[in-house]
Structures are given as structure tokens and as C-alpha cells.
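The file final37.cif comes next; it holds mmCIF, C-alpha atoms.
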data_structure
#
loop_
_atom_site.label_atom_id
_atom_site.label_comp_id
_atom_site.auth_asym_id
_atom_site.auth_seq_id
_atom_site.Cartn_x
_atom_site.Cartn_y
_atom_site.Cartn_z
CA MET T 1189 -30.50 16.69 57.91
CA LYS T 1190 -27.69 15.76 60.32
CA THR T 1191 -28.14 12.08 59.49
CA ALA T 1192 -27.85 12.78 55.75
CA ILE T 1193 -24.69 14.84 56.29
CA TYR T 1194 -23.04 12.15 58.44
CA ILE T 1195 -23.93 9.43 55.92
CA PHE T 1196 -22.59 11.60 53.09
CA ILE T 1197 -19.33 12.18 55.00
CA GLY T 1198 -19.07 8.44 55.65
CA ILE T 1199 -19.55 7.50 51.99
CA VAL T 1200 -17.06 10.14 50.80
CA LEU T 1201 -14.49 8.86 53.32
CA LEU T 1202 -15.05 5.29 52.08
CA LEU T 1203 -14.49 6.43 48.48
CA ILE T 1204 -11.32 8.30 49.46
CA GLU T 1205 -10.00 5.23 51.30
CA THR T 1206 -10.66 3.06 48.23
CA ALA T 1207 -8.94 5.55 45.90
CA ILE T 1208 -5.93 6.02 48.21
CA SER T 1209 -5.28 2.32 48.85
CA PRO T 1210 -3.53 1.49 45.52
CA HIS T 1211 -1.11 4.42 45.99
CA ILE T 1212 -0.28 4.00 49.68
CA SER T 1213 0.02 0.40 50.76
CA LEU T 1214 -2.28 0.44 53.82
CA ASP T 1215 -2.63 -3.35 54.14
CA VAL T 1216 -2.50 -4.04 57.92
CA LEU T 1217 -3.27 -0.42 58.71
CA LYS T 1218 -6.56 -0.29 56.85
CA PRO T 1219 -9.10 1.42 59.12
CA GLU T 1220 -12.80 0.61 59.11
CA ILE T 1221 -14.35 4.01 58.45
CA GLY T 1222 -17.98 3.02 57.99
CA MET T 1223 -18.43 1.47 61.42
CA PRO T 1224 -17.58 4.55 63.53
CA ILE T 1225 -20.10 6.57 61.47
CA VAL T 1226 -22.83 3.98 62.08
CA LEU T 1227 -22.00 3.94 65.81
CA TYR T 1228 -21.91 7.73 66.08
CA VAL T 1229 -25.25 8.16 64.34
CA THR T 1230 -26.89 5.35 66.37
CA PHE T 1231 -25.59 6.63 69.71
CA PHE T 1232 -26.21 10.33 69.18
CA LEU T 1233 -29.09 10.59 66.71
CA GLY T 1234 -31.23 7.58 67.58
CA PRO T 1235 -32.27 4.20 66.14
CA TRP T 1236 -33.99 5.48 62.97
CA SER T 1237 -31.00 7.55 61.93
CA GLY T 1238 -28.74 4.65 62.90
CA LEU T 1239 -30.74 2.28 60.71
CA ALA T 1240 -30.48 4.64 57.73
CA ALA T 1241 -26.72 4.97 58.29
CA ALA T 1242 -26.25 1.21 58.68
CA VAL T 1243 -28.12 0.42 55.45
CA CYS T 1244 -26.39 3.16 53.41
CA ILE T 1245 -22.89 2.49 54.74
CA GLY T 1246 -23.37 -1.30 54.48
CA LEU T 1247 -24.47 -1.06 50.85
CA ALA T 1248 -21.70 1.44 49.98
CA GLU T 1249 -19.09 -0.86 51.54
CA GLU T 1250 -20.40 -3.75 49.46
CA GLY T 1251 -20.24 -1.59 46.35
CA LEU T 1252 -16.55 -0.94 47.02
CA SER T 1253 -15.54 -4.42 48.11
CA GLY T 1254 -15.25 -7.85 46.61
CA ALA T 1255 -17.14 -9.32 49.59
CA PRO T 1256 -19.98 -11.74 48.77
CA ASN T 1257 -23.42 -10.17 48.28
CA GLY T 1258 -25.20 -9.36 51.51
CA SER T 1259 -22.30 -10.16 53.83
CA LEU T 1260 -21.16 -6.65 54.72
CA LEU T 1261 -24.72 -5.34 55.01
CA PHE T 1262 -25.46 -8.26 57.35
CA VAL T 1263 -22.55 -7.53 59.71
CA THR T 1264 -23.23 -3.77 59.65
CA ILE T 1265 -26.88 -4.31 60.61
CA VAL T 1266 -25.86 -6.67 63.43
CA ILE T 1267 -23.45 -4.03 64.78
CA TYR T 1268 -26.26 -1.46 64.51
CA LEU T 1269 -28.62 -3.73 66.48
CA ILE T 1270 -26.00 -4.25 69.19
CA ALA T 1271 -25.31 -0.50 69.32
CA SER T 1272 -28.98 0.40 69.57
CA MET T 1273 -29.34 -1.99 72.53
CA MET T 1274 -26.19 -0.66 74.21
CA ARG T 1275 -27.35 2.91 73.70
CA ARG T 1276 -29.64 2.75 76.74
CA LYS T 1277 -27.05 1.20 79.03
CA TYR T 1278 -23.79 2.92 78.07
CA PHE T 1279 -22.95 6.55 77.58
CA VAL T 1280 -20.30 7.77 75.15
CA ASP T 1281 -18.78 10.59 77.23
CA SER T 1282 -15.54 11.18 75.33
CA LYS T 1283 -13.74 10.47 72.09
CA TYR T 1284 -11.76 7.75 73.85
CA THR T 1285 -14.89 5.86 74.91
CA PHE T 1286 -16.05 6.18 71.32
CA ALA T 1287 -12.72 4.79 70.12
CA TYR T 1288 -13.14 1.75 72.41
CA PHE T 1289 -16.61 1.14 71.01
CA SER T 1290 -15.33 1.50 67.44
CA SER T 1291 -12.43 -0.91 68.02
CA GLY T 1292 -14.79 -3.37 69.71
CA SER T 1293 -17.21 -3.14 66.80
CA VAL T 1294 -14.41 -4.05 64.37
CA LEU T 1295 -13.53 -7.12 66.45
CA VAL T 1296 -17.19 -8.16 66.54
CA GLN T 1297 -17.52 -7.46 62.80
CA SER T 1298 -14.50 -9.66 61.97
CA CYS T 1299 -15.75 -12.54 64.17
CA LEU T 1300 -19.24 -12.25 62.70
CA PHE T 1301 -17.93 -12.26 59.14
CA ALA T 1302 -15.74 -15.30 59.82
CA ALA T 1303 -18.68 -17.12 61.46
CA LEU T 1304 -21.01 -16.18 58.60
CA THR T 1305 -18.54 -17.45 55.99
CA PHE T 1306 -18.01 -20.67 57.90
CA PHE T 1307 -21.61 -21.51 58.81
CA ALA T 1308 -23.38 -20.27 55.68
CA HIS T 1309 -20.82 -21.26 53.02
CA GLY T 1310 -18.83 -23.88 54.91
CA GLU T 1311 -15.61 -22.14 53.84
CA MET T 1312 -12.45 -22.06 55.93
CA ARG T 1313 -10.00 -20.57 53.40
CA GLY T 1314 -10.65 -16.91 54.11
CA ILE T 1315 -10.90 -17.23 57.89
CA PHE T 1316 -7.15 -17.14 58.55
CA ASN T 1317 -6.96 -13.85 56.67
CA ILE T 1318 -9.80 -12.34 58.68
CA VAL T 1319 -8.26 -13.41 61.99
CA PHE T 1320 -4.82 -12.15 60.89
CA TYR T 1321 -6.11 -8.61 60.26
CA MET T 1322 -8.66 -8.49 63.09
CA VAL T 1323 -6.53 -6.86 65.82
CA PRO T 1324 -4.53 -4.44 63.57
CA ASN T 1325 -7.81 -3.30 61.98
CA ALA T 1326 -9.37 -2.72 65.41
CA ILE T 1327 -6.39 -0.70 66.66
CA THR T 1328 -6.20 1.45 63.51
CA THR T 1329 -9.95 2.00 63.57
CA GLY T 1330 -9.70 3.08 67.23
CA PHE T 1331 -7.18 5.79 66.38
CA VAL T 1332 -9.07 6.92 63.28
CA SER T 1333 -12.35 7.12 65.22
CA ILE T 1334 -10.75 9.50 67.76
CA LEU T 1335 -9.97 11.79 64.85
CA LEU T 1336 -13.38 11.24 63.28
CA PHE T 1337 -15.16 11.98 66.57
CA SER T 1338 -13.23 15.24 66.97
CA VAL T 1339 -13.96 16.30 63.38
CA ILE T 1340 -17.68 15.55 63.66
CA ASP T 1341 -17.86 17.26 67.06
CA ARG T 1342 -16.17 20.34 65.63
CA LEU T 1343 -18.50 20.24 62.64
CA ASN T 1344 -21.45 20.10 65.06
CA ASN T 1345 -20.21 23.12 66.97
CA LEU T 1346 -19.39 25.14 63.88
CA LEU T 1347 -22.30 24.45 61.61
CA MET T 1348 -25.09 22.38 63.01
CA GLU T 1349 -25.71 23.74 66.50
CA ARG T 1350 -26.45 27.21 65.25
CA SER T 1351 -30.08 28.20 65.42
CA MET Y 809 -42.82 2.02 69.97
CA ARG Y 810 -41.20 3.95 67.09
CA ASN Y 811 -37.82 2.59 68.11
CA SER Y 812 -39.15 -0.96 68.10
CA ILE Y 813 -40.31 -0.49 64.50
CA ALA Y 814 -36.75 0.54 63.54
CA ILE Y 815 -35.42 -2.64 65.16
CA ILE Y 816 -38.01 -4.76 63.32
CA ILE Y 817 -37.05 -3.16 59.99
CA ALA Y 818 -33.37 -3.76 60.80
CA ILE Y 819 -34.12 -7.44 61.43
CA LEU Y 820 -35.95 -7.62 58.08
CA VAL Y 821 -32.92 -6.11 56.31
CA LEU Y 822 -30.77 -8.61 58.19
CA VAL Y 823 -32.87 -11.51 56.88
CA ILE Y 824 -32.77 -10.15 53.30
CA SER Y 825 -28.97 -9.74 53.41
CA PHE Y 826 -28.58 -13.25 54.83
CA LEU Y 827 -30.80 -14.74 52.12
CA SER Y 828 -28.78 -12.89 49.52
CA PHE Y 829 -25.54 -14.20 51.02
CA THR Y 830 -26.86 -17.76 50.89
CA ASN Y 831 -27.95 -17.22 47.26
CA ALA Y 832 -31.68 -17.69 47.79
CA PRO Y 833 -32.87 -17.44 44.14
CA PHE Y 834 -35.20 -14.41 44.00
CA VAL Y 835 -33.54 -12.39 46.78
CA ALA Y 836 -30.01 -12.91 45.42
CA ARG Y 837 -30.99 -11.67 41.95
CA SER Y 838 -32.79 -8.56 43.24
CA TYR Y 839 -29.99 -7.80 45.68
CA ALA Y 840 -27.37 -8.13 42.94
CA ALA Y 841 -29.38 -5.67 40.81
CA VAL Y 842 -29.49 -3.18 43.72
CA LYS Y 843 -25.75 -3.61 44.28
CA THR Y 844 -25.00 -3.05 40.59
CA GLY Y 845 -27.10 0.12 40.73
CA ILE Y 846 -25.16 1.38 43.75
CA GLY Y 847 -21.89 0.51 42.04
CA SER Y 848 -22.97 2.46 38.95
CA VAL Y 849 -23.63 5.52 41.12
CA LEU Y 850 -20.37 5.22 43.10
CA GLY Y 851 -18.21 4.43 40.03
CA PRO Y 852 -18.09 7.93 38.45
CA VAL Y 853 -17.51 9.52 41.89
CA LEU Y 854 -14.63 7.11 42.49
CA ASN Y 855 -13.20 8.04 39.07
CA VAL Y 856 -13.32 11.72 40.02
CA ILE Y 857 -11.75 11.15 43.46
CA SER Y 858 -9.00 8.82 42.19
CA LYS Y 859 -7.52 11.48 39.85
CA PRO Y 860 -6.48 14.12 42.45
CA VAL Y 861 -5.54 11.32 44.87
CA SER Y 862 -2.98 9.90 42.42
CA SER Y 863 -1.44 13.36 41.87
CA ILE Y 864 -1.26 13.91 45.65
CA GLY Y 865 0.42 10.49 45.96
CA GLY Y 866 3.05 11.62 43.42
CA ALA Y 867 3.58 14.89 45.28
CA PHE Y 868 4.12 12.96 48.55
CA ASP Y 869 6.80 10.81 46.92
CA SER Y 870 8.54 13.92 45.65
CA TYR Y 871 8.37 15.57 49.05
CA PHE Y 872 9.95 12.64 50.88
CA ASN Y 873 12.73 12.52 48.30
CA ILE Y 874 13.76 16.13 48.80
CA VAL Y 875 13.94 16.21 52.60
CA GLY Y 876 17.71 15.51 52.49
CA ALA Y 877 18.31 18.30 49.97
CA LYS Y 878 16.56 20.81 52.23
CA LYS Y 879 19.13 20.34 54.97
CA GLU Y 880 22.10 20.69 52.64
CA ASN Y 881 21.19 23.95 51.07
CA ARG Y 882 18.62 26.18 52.69
CA GLU Y 883 19.12 29.11 50.36
CA LEU Y 884 18.41 27.14 47.23
CA ARG Y 885 15.63 25.12 48.81
CA GLU Y 886 12.63 26.65 47.09
CA LYS Y 887 14.23 26.62 43.68
CA TYR Y 888 15.45 23.08 44.18
CA GLU Y 889 12.03 21.87 45.36
CA LYS Y 890 10.32 23.29 42.32
CA LEU Y 891 12.84 21.78 39.93
CA TYR Y 892 12.83 18.47 41.72
CA VAL Y 893 9.06 18.17 41.72
CA GLU Y 894 9.00 19.00 38.02
CA ASN Y 895 11.72 16.46 37.38
CA GLN Y 896 9.86 13.81 39.38
CA LYS Y 897 6.78 14.46 37.33
CA LEU Y 898 8.79 14.02 34.13
CA VAL Y 899 10.35 10.80 35.40
CA GLU Y 900 6.91 9.50 36.37
CA THR Y 901 5.54 10.45 32.96
CA GLU Y 902 8.44 8.64 31.31
CA ARG Y 903 7.79 5.54 33.41
CA GLU Y 904 4.10 5.71 32.57
CA ASN Y 905 4.96 6.01 28.87
CA ALA Y 906 7.20 2.95 29.09
CA ARG Y 907 4.47 0.99 30.87
CA LEU Y 908 1.83 2.02 28.35
CA ARG Y 909 4.18 1.24 25.44
CA LYS Y 910 4.66 -2.27 26.79
CA LEU Y 911 0.92 -2.68 27.18
CA LEU Y 912 0.37 -1.45 23.64
CA GLU Y 913 2.97 -3.82 22.20
CA PHE Y 914 1.38 -6.67 24.10
CA ALA Y 915 -2.14 -5.73 22.99
CA GLN Y 916 -1.05 -5.36 19.36
CA LYS Y 917 0.03 -8.99 19.25
CA LYS Y 918 -3.63 -9.93 19.49
CA PRO Y 919 -5.62 -6.94 18.26
CA ASN Y 920 -9.31 -6.63 19.20
CA THR Y 921 -8.95 -9.20 21.96
CA MET Y 922 -7.81 -6.88 24.74
CA ILE Y 923 -9.33 -3.98 26.63
CA ALA Y 924 -6.91 -1.67 28.48
CA ALA Y 925 -7.99 -0.38 31.90
CA SER Y 926 -6.54 1.62 34.78
CA VAL Y 927 -6.67 0.60 38.43
CA ILE Y 928 -8.65 3.29 40.30
CA GLY Y 929 -9.19 1.64 43.67
CA GLU Y 930 -8.58 -1.23 46.00
CA ASP Y 931 -10.91 -3.32 48.14
CA LEU Y 932 -12.10 -1.57 51.32
CA LYS Y 933 -11.41 -4.68 53.39
CA ASN Y 934 -8.00 -6.23 53.71
CA TRP Y 935 -9.72 -9.62 53.96
CA PHE Y 936 -10.03 -9.66 50.17
CA ARG Y 937 -7.52 -9.01 47.39
CA CYS Y 938 -9.56 -7.13 44.87
CA VAL Y 939 -8.90 -4.08 42.71
CA ILE Y 940 -11.36 -1.77 41.00
CA ILE Y 941 -10.77 -0.83 37.36
CA ASP Y 942 -12.19 2.06 35.35
CA LYS Y 943 -13.94 -0.07 32.71
CA GLY Y 944 -17.39 -1.57 33.12
CA SER Y 945 -20.25 -3.12 31.16
CA ARG Y 946 -20.39 -0.03 28.92
CA HIS Y 947 -16.93 -1.00 27.68
CA ASN Y 948 -17.95 -4.64 27.10
CA VAL Y 949 -16.33 -5.92 30.26
CA ARG Y 950 -17.95 -9.15 31.40
CA GLN Y 951 -17.68 -11.38 34.46
CA LYS Y 952 -14.91 -14.01 34.50
CA MET Y 953 -12.80 -12.09 31.96
CA PRO Y 954 -9.10 -12.82 32.60
CA VAL Y 955 -7.04 -9.79 33.60
CA ILE Y 956 -3.34 -9.67 32.71
CA THR Y 957 -0.31 -7.39 32.37
CA PRO Y 958 2.73 -7.96 30.13
CA LYS Y 959 4.36 -9.64 33.17
CA GLY Y 960 1.60 -12.19 33.67
CA ILE Y 961 -1.77 -13.00 35.20
CA VAL Y 962 -3.49 -10.54 37.55
CA GLY Y 963 -6.81 -12.28 38.17
CA GLN Y 964 -10.36 -12.36 36.88
CA VAL Y 965 -13.33 -9.98 36.78
CA VAL Y 966 -15.84 -10.90 39.48
CA GLU Y 967 -18.32 -8.03 39.41
CA VAL Y 968 -19.23 -5.58 36.69
CA ASP Y 969 -21.10 -2.29 37.03
CA LEU Y 970 -21.88 0.25 34.36
CA TRP Y 971 -18.65 2.22 34.78
CA HIS Y 972 -16.24 0.00 36.65
CA ALA Y 973 -15.46 -3.61 37.46
CA LYS Y 974 -13.95 -5.52 40.37
CA VAL Y 975 -11.04 -7.83 39.70
CA MET Y 976 -10.26 -10.67 42.10
CA VAL Y 977 -6.48 -10.80 42.23
CA LEU Y 978 -4.84 -14.23 42.10
CA ASN Y 979 -3.58 -14.04 45.70
CA ASP Y 980 -7.14 -13.63 47.06
CA ALA Y 981 -8.09 -16.53 49.33
CA ASN Y 982 -10.99 -17.42 46.99
CA SER Y 983 -8.88 -17.53 43.80
CA SER Y 984 -7.84 -20.75 42.03
CA ILE Y 985 -6.02 -21.18 38.72
CA ASP Y 986 -5.12 -24.37 36.87
CA VAL Y 987 -1.39 -24.18 36.03
CA ASN Y 988 1.37 -26.15 34.33
CA VAL Y 989 5.09 -26.08 35.04
CA GLU Y 990 6.73 -24.61 31.95
CA GLY Y 991 8.58 -27.26 29.92
CA LYS Y 992 7.47 -30.10 32.21
CA ASN Y 993 4.45 -32.32 32.46
CA THR Y 994 3.55 -31.24 36.00
CA ARG Y 995 0.14 -29.72 36.60
CA GLY Y 996 -1.46 -28.30 39.74
CA LEU Y 997 -3.92 -25.82 41.19
CA LEU Y 998 -2.70 -22.40 42.26
CA GLU Y 999 -4.64 -21.10 45.24
CA GLY Y 1000 -4.49 -17.63 46.79
CA THR Y 1001 -3.61 -17.25 50.45
CA GLY Y 1002 -4.45 -13.60 51.01
CA GLN Y 1003 -0.71 -12.92 51.41
CA ASN Y 1004 1.95 -12.02 48.82
CA THR Y 1005 2.81 -15.60 47.92
CA VAL Y 1006 0.36 -18.24 46.66
CA LYS Y 1007 0.22 -22.02 47.10
CA MET Y 1008 0.42 -24.62 44.35
CA LYS Y 1009 -1.63 -27.62 45.39
CA TYR Y 1010 -2.22 -31.22 44.37
CA VAL Y 1011 1.29 -31.81 43.03
CA THR Y 1012 2.37 -35.28 44.15
CA LYS Y 1013 5.84 -35.92 45.54
CA ASN Y 1014 6.90 -37.91 42.48
CA ASP Y 1015 5.96 -35.04 40.12
CA ASP Y 1016 8.85 -33.15 38.55
CA ILE Y 1017 9.02 -29.73 40.21
CA GLU Y 1018 11.81 -27.69 41.79
CA VAL Y 1019 12.62 -24.20 43.04
CA GLY Y 1020 12.94 -21.73 40.14
CA ASP Y 1021 10.42 -23.50 37.89
CA LYS Y 1022 8.17 -21.14 35.98
CA LEU Y 1023 4.41 -21.61 36.01
CA VAL Y 1024 2.02 -20.86 33.15
CA THR Y 1025 -1.74 -21.19 32.84
CA SER Y 1026 -2.90 -24.57 31.52
CA GLY Y 1027 -6.11 -23.23 29.94
CA LYS Y 1028 -8.06 -26.11 31.43
CA ASP Y 1029 -10.03 -24.10 33.99
CA GLY Y 1030 -12.14 -22.49 31.27
CA ILE Y 1031 -11.28 -18.95 32.42
CA TYR Y 1032 -7.64 -18.20 31.66
CA PRO Y 1033 -6.14 -18.72 28.19
CA LYS Y 1034 -3.30 -21.23 27.89
CA GLY Y 1035 0.36 -20.25 28.31
CA ILE Y 1036 0.15 -16.96 30.23
CA PRO Y 1037 2.96 -16.60 32.81
CA VAL Y 1038 1.80 -16.78 36.41
CA GLY Y 1039 4.77 -16.95 38.78
CA ILE Y 1040 7.88 -18.73 39.89
CA VAL Y 1041 8.30 -21.56 42.43
CA ILE Y 1042 10.15 -20.28 45.54
CA THR Y 1043 9.84 -23.32 47.84
CA ALA Y 1044 9.09 -26.96 47.11
CA ASN Y 1045 9.03 -29.00 50.31
CA LYS Y 1046 8.76 -32.75 49.75
CA GLY Y 1047 9.65 -33.55 53.39
CA LYS Y 1048 6.17 -32.83 54.71
CA ALA Y 1049 3.81 -35.68 55.65
CA GLY Y 1050 1.24 -36.63 53.02
CA ILE Y 1051 1.27 -37.39 49.32
CA PHE Y 1052 1.53 -33.81 48.03
CA THR Y 1053 4.50 -31.46 47.83
CA ASP Y 1054 4.16 -28.16 49.74
CA ILE Y 1055 4.85 -25.47 47.13
CA ASP Y 1056 5.01 -21.68 47.49
CA VAL Y 1057 4.85 -19.53 44.39
CA MET Y 1058 5.75 -15.86 43.94
CA PRO Y 1059 3.54 -14.24 41.29
CA TYR Y 1060 5.32 -12.20 38.59
CA ASN Y 1061 3.07 -9.20 39.20
CA ASN Y 1062 3.36 -7.01 42.28
CA PHE Y 1063 -0.31 -6.54 43.03
CA ARG Y 1064 0.33 -3.53 45.25
CA GLN Y 1065 1.76 -1.59 42.34
CA LEU Y 1066 -0.75 -2.17 39.57
CA ASP Y 1067 -1.50 0.85 37.42
CA GLU Y 1068 -2.71 -0.42 34.09
CA VAL Y 1069 -4.07 -3.83 33.17
CA LEU Y 1070 -5.45 -5.63 30.13
CA LEU Y 1071 -8.71 -7.55 30.00
CA VAL Y 1072 -8.79 -10.49 27.61
CA ARG Y 1073 -11.91 -10.96 25.51
CA LYS Y 1074 -12.87 -14.59 25.07
#
For the file at hand, write its structure as C-alpha cells.
Amino acid sequence: MKTAIYIFIGIVLLLIETAISPHISLDVLKPEIGMPIVLYVTFFLGPWSGLAAAVCIGLAEEGLSGAPNGSLLFVTIVIYLIASMMRRKYFVDSKYTFAYFSSGSVLVQSCLFAALTFFAHGEMRGIFNIVFYMVPNAITTGFVSILLFSVIDRLNNLLMERS
Amino acid sequence: MRNSIAIIIAILVLVISFLSFTNAPFVARSYAAVKTGIGSVLGPVLNVISKPVSSIGGAFDSYFNIVGAKKENRELREKYEKLYVENQKLVETERENARLRKLLEFAQKKPNTMIAASVIGEDLKNWFRCVIIDKGSRHNVRQKMPVITPKGIVGQVVEVDLWHAKVMVLNDANSSIDVNVEGKNTRGLLEGTGQNTVKMKYVTKNDDIEVGDKLVTSGKDGIYPKGIPVGIVITANKGKAGIFTDIDVMPYNNFRQLDEVLLVRK
């Protein structure tokens, strides 16, 4: 149930971001909203829930982006795999730790996407763009994930922890 | 054990997505069908969300504009706010009318060859320059349809779902358009950079081109019709090493402020 709610929240946030973008020029301040949701679900609800979140969020992101088929799902699944391995070694004890993980995941995602484009398609044209936005995206995502963590935590306390 | 199965499934999904990315025949087709299905589900929801979002955007503009007035006259603030917001709405409606009138005039020049559409979203990633429009395969929108405004070229349709379509804007890093310099014999390839300006390539140093020259589509790329305005040359550097001139072009359209567009039927 929790997994479904988090995935639903994630997809709604992605849709809102897409609809807002033409009205407010986000450009360098465009946060990655899907990744923090995948990380949160993987870290706190386990690998199965994380897998479901990664597949749903990855596919939704592809549906709302002009990225080549399979590319965003690929990078989301890789991030999920890394997160599910880190889950046993690291502990997310605060929203700030979560923000670091989220920012890190955006950096890894950008590098992975650039590598995928270069090695699988042999294309260099888009790489400059990806590198240009890599750090601003990571910073913005870090701040947004602090907010997201607090909202989800509050939602947990208010609605989901009740017996 | 259960967790290992999740990891194995994840790796399988990873392989499928990679095969789709590399266009492996069967996988790519099935994956594209799944993606179209997802797009068809998300499209109507996006339509619903984009309507209140655009009104909130208008309200924000109005709010920022009246901050100064608040300080000047506290007593009349509420009345002023209400009137101002109403006035802003009227001004916005007037602007929208003017925009739509222009679109209509443009479309009437070639009746039955254009489909009007509204921009309802923008690409989630800032790596790509892509906008989402509210017309899809149900409205006879097809892939590779040129998208224009009365000012000039916007881009081409790259993906079509049932309810909406994605348009690759001409400043996307993957976009290329064959162009001519208006009134001259010079021809080149306009390539997106991912930034506001685009590059005109393969123009040799002895070709006739200078700052201020206007570019139009040549019609030779098989996608865009001939003679549609594209942009204006803002730098033409012949001092660089090599045989080609380094040319920057500013497109006529501001792609961050697109509201309505026209799709050209072939």
C-alpha cells in the first residue's frame, strides 16, 4: 500500500513538474523528482518495493521526456541496483543524509546517461549539455529531496503509522 | 533469497531497456508500444494538471506586479489587488486573442494543411529541448510533422501518443535542419546546441554570409517545407582555423514562451 502511494506521489509530482516548466523557466534549476522517490522506497521499504518504484518512475519519466527509448529506465534501474546494495552498508538517519544520496544519484545518473549515449550510440553532441546541467541538477535535487523527505515523513506520521 | 530474485528481475529489466535503447528489432518495437500506452494514460492527466497550473502561473505574475502598489497605499490595497488581477486577466486574454488571431490568419493561407495545438508541458530533463502538445494520433498528428508558429520554425514531432505528442525543438542537440540564406545562394545545416542559439554548419569561408542574414528552410531535408523562416545570423567568424565559417544563429521563436503552435500536414 505504502509503495503504491509513494509511486503515485512520485508520478503526480513528475506530471506537475512537466506542466509547470513552460510557465516558469526552470532550466538550470530543474530538480530530478523521480530519483529521490526511488531511493526513499528502496532504502525504507525494501528491494521489491524499490524495484516497482524504479520501473514505474523510469517508465513515467520516459513518457514525459524526449529521451531515447529505454535510456531513462536503464539509468533508473542502475541507480536502484546501487541503492539496494548500499542499503545494507549505509543508514539514512536524517533528511540531510537523504539529500546527499539524492544529489549523488543525480550525478551518477548524468554520468551514466552520457556514457550510455556515447558507448551505445557513439554520439558526442548531447554530452556537453548533460555535463553542463549535471551539478546544478544535483544541487537542486538535494534541496528538493530535503523537502520531499520531510513531506513523506510527515505523511507517514499522520496517515500511515496509525494502526 | 527473495531479495536476490528482485535483483535478478532488475537486471532483466536493465537488459530489456538496453536492448530497446540500441534498437534491437523485436524489443524496440514492443518497448515503443508499451511507452505509447503509458503516454496515452499520462496524456489526459497532464491535460488536466496543465490547466490549473497555467492559471496559477498567471496569478503569480499578477501578484509580483502589485507588490509595489501595496506599499504605496495600504488602505486601497484589497480593492486595488482585485482590480489589478482582473485587469491582468483581461490583458492576458487580449494577448491570447492576438496570438490566436495571428495563428488563424496564418492557417487560413493554407487551409486544411495545418493543425493548431497548445503547449501543455516541457521535457522533464533539461538535457533535451522538447515540448509536449495537446494533440496526438487521434487528431491525425504523425511523426516527423513540422511544427511552426507565425514567427518561424519550432521543430518536428518525434513521438506521438493517443492524446499528445512530443516536439523536438530546433535548439535540441539532436536537431538538424537544412537551411538557405534568404536572397543568397548559401546553404548549410542548422544544428541545435541545447542552448538558446544554434549553429549553422558546413558553410565554407568563401560562401556569401554575414551578420544579420535571414535563414529559411531549404526544403531539401524532406521534413520541413521550403521557405519557412528559421532565424537570423548573429555571428559569422571566418577567422577560425579550418575551411568552414563558425556561425551562430538566433531562432525567431523564443522556445521558452511557446503557447500555441501549428503542425503542418504533408
Subject >> Contact set, chain T to chain Y: 8 Å, only C-alpha atoms, as a PyMOL selection string >> reply: chain T and resi 1202-1213+1215-1216+1218+1220+1235-1236+1239+1247-1259+1261-1262+1265-1266+1269+1308-1309+1313-1314+1317-1318+1321
Subject >> Protein/DNA/RNA residues near (0.3, -19.8, 25.0), cut 10 Å, all atoms listed in the file, as a PyMOL selection string >> reply: chain Y and resi 1024-1027+1033-1037
Subject >> Contact residues around stretch 1331-1335 of chain T with all atoms listed in the file at 12 Å, ignoring same-chain residues under 2 positions, as JSON, numbers by chain >> reply: {"T": [1198, 1201, 1217, 1218, 1219, 1220, 1221, 1222, 1223, 1224, 1225, 1226, 1227, 1228, 1282, 1283, 1284, 1285, 1286, 1287, 1288, 1289, 1290, 1291, 1292, 1293, 1294, 1324, 1325, 1326, 1327, 1328, 1329, 1337, 1338, 1339, 1340, 1341, 1342]}
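Taking atom CA of Y:Tyr1060 and atom CA of Y:Gly963 as endpoints, the distance between them is 12.1 Å.
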**OP:** Could you check how far atom CA of Y:Pro1059 sits from atom CA of Y:Ile1042, in Å to one decimal?
**Re:** 9.9 Å
Subject >> Answer key for the PyMOL selection byres ((chain Y and resi 946) around 7), residues as a ChimeraX atom specification >> reply: /Y:944-945,947-948,970-971
Atoms to include: C-alpha atoms. Write the selected residues as an mmCIF file, keeping the file's coordinate frame.
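Output contents, as saved in result-v5.cif:
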data_model
loop_
_atom_site.group_PDB
_atom_site.id
_atom_site.type_symbol
_atom_site.label_atom_id
_atom_site.label_comp_id
_atom_site.auth_asym_id
_atom_site.auth_seq_id
_atom_site.Cartn_x
_atom_site.Cartn_y
_atom_site.Cartn_z
ATOM 1 C CA GLY Y 944 -17.390 -1.570 33.120
ATOM 2 C CA SER Y 945 -20.250 -3.120 31.160
ATOM 3 C CA HIS Y 947 -16.930 -1.000 27.680
ATOM 4 C CA ASN Y 948 -17.950 -4.640 27.100
ATOM 5 C CA LEU Y 970 -21.880 0.250 34.360
ATOM 6 C CA TRP Y 971 -18.650 2.220 34.780
#
Subject >> Point-to-point distance from atom CA of Y:Arg1073 to atom CA of Y:Val968, Å rounded to tenths >> reply: 14.4 Å
**OP:** Determine the residue membership of the PyMOL selection byres ((chain T and resi 1241) around 8) for the file above and supply it as a list in words.
**Re:** Thr1191, Ile1195, Ile1225, Val1226, Val1229, Ser1237, Gly1238, Leu1239, Ala1240, Ala1242, Val1243, Cys1244 and Ile1245 of chain T
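Using only C-alpha atoms for every distance, the candidate list Y:Lys887, Y:Lys1009, Y:Lys952, Y:Lys943 yields Y:Lys1009 as the residue closest to Y:Val987.
What the PyMOL selection byres ((chain Y and resi 955) around 6) picks from this file is Pro954, Ile956, Val962, Gly963, Gln964, Leu1070 and Leu1071 of chain Y.
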Subject >> For Y:Asn993: contacts at 10 Å, all atoms listed in the file, fewer than 6 positions along chain excluded, given as a count of residues only >> reply: 3
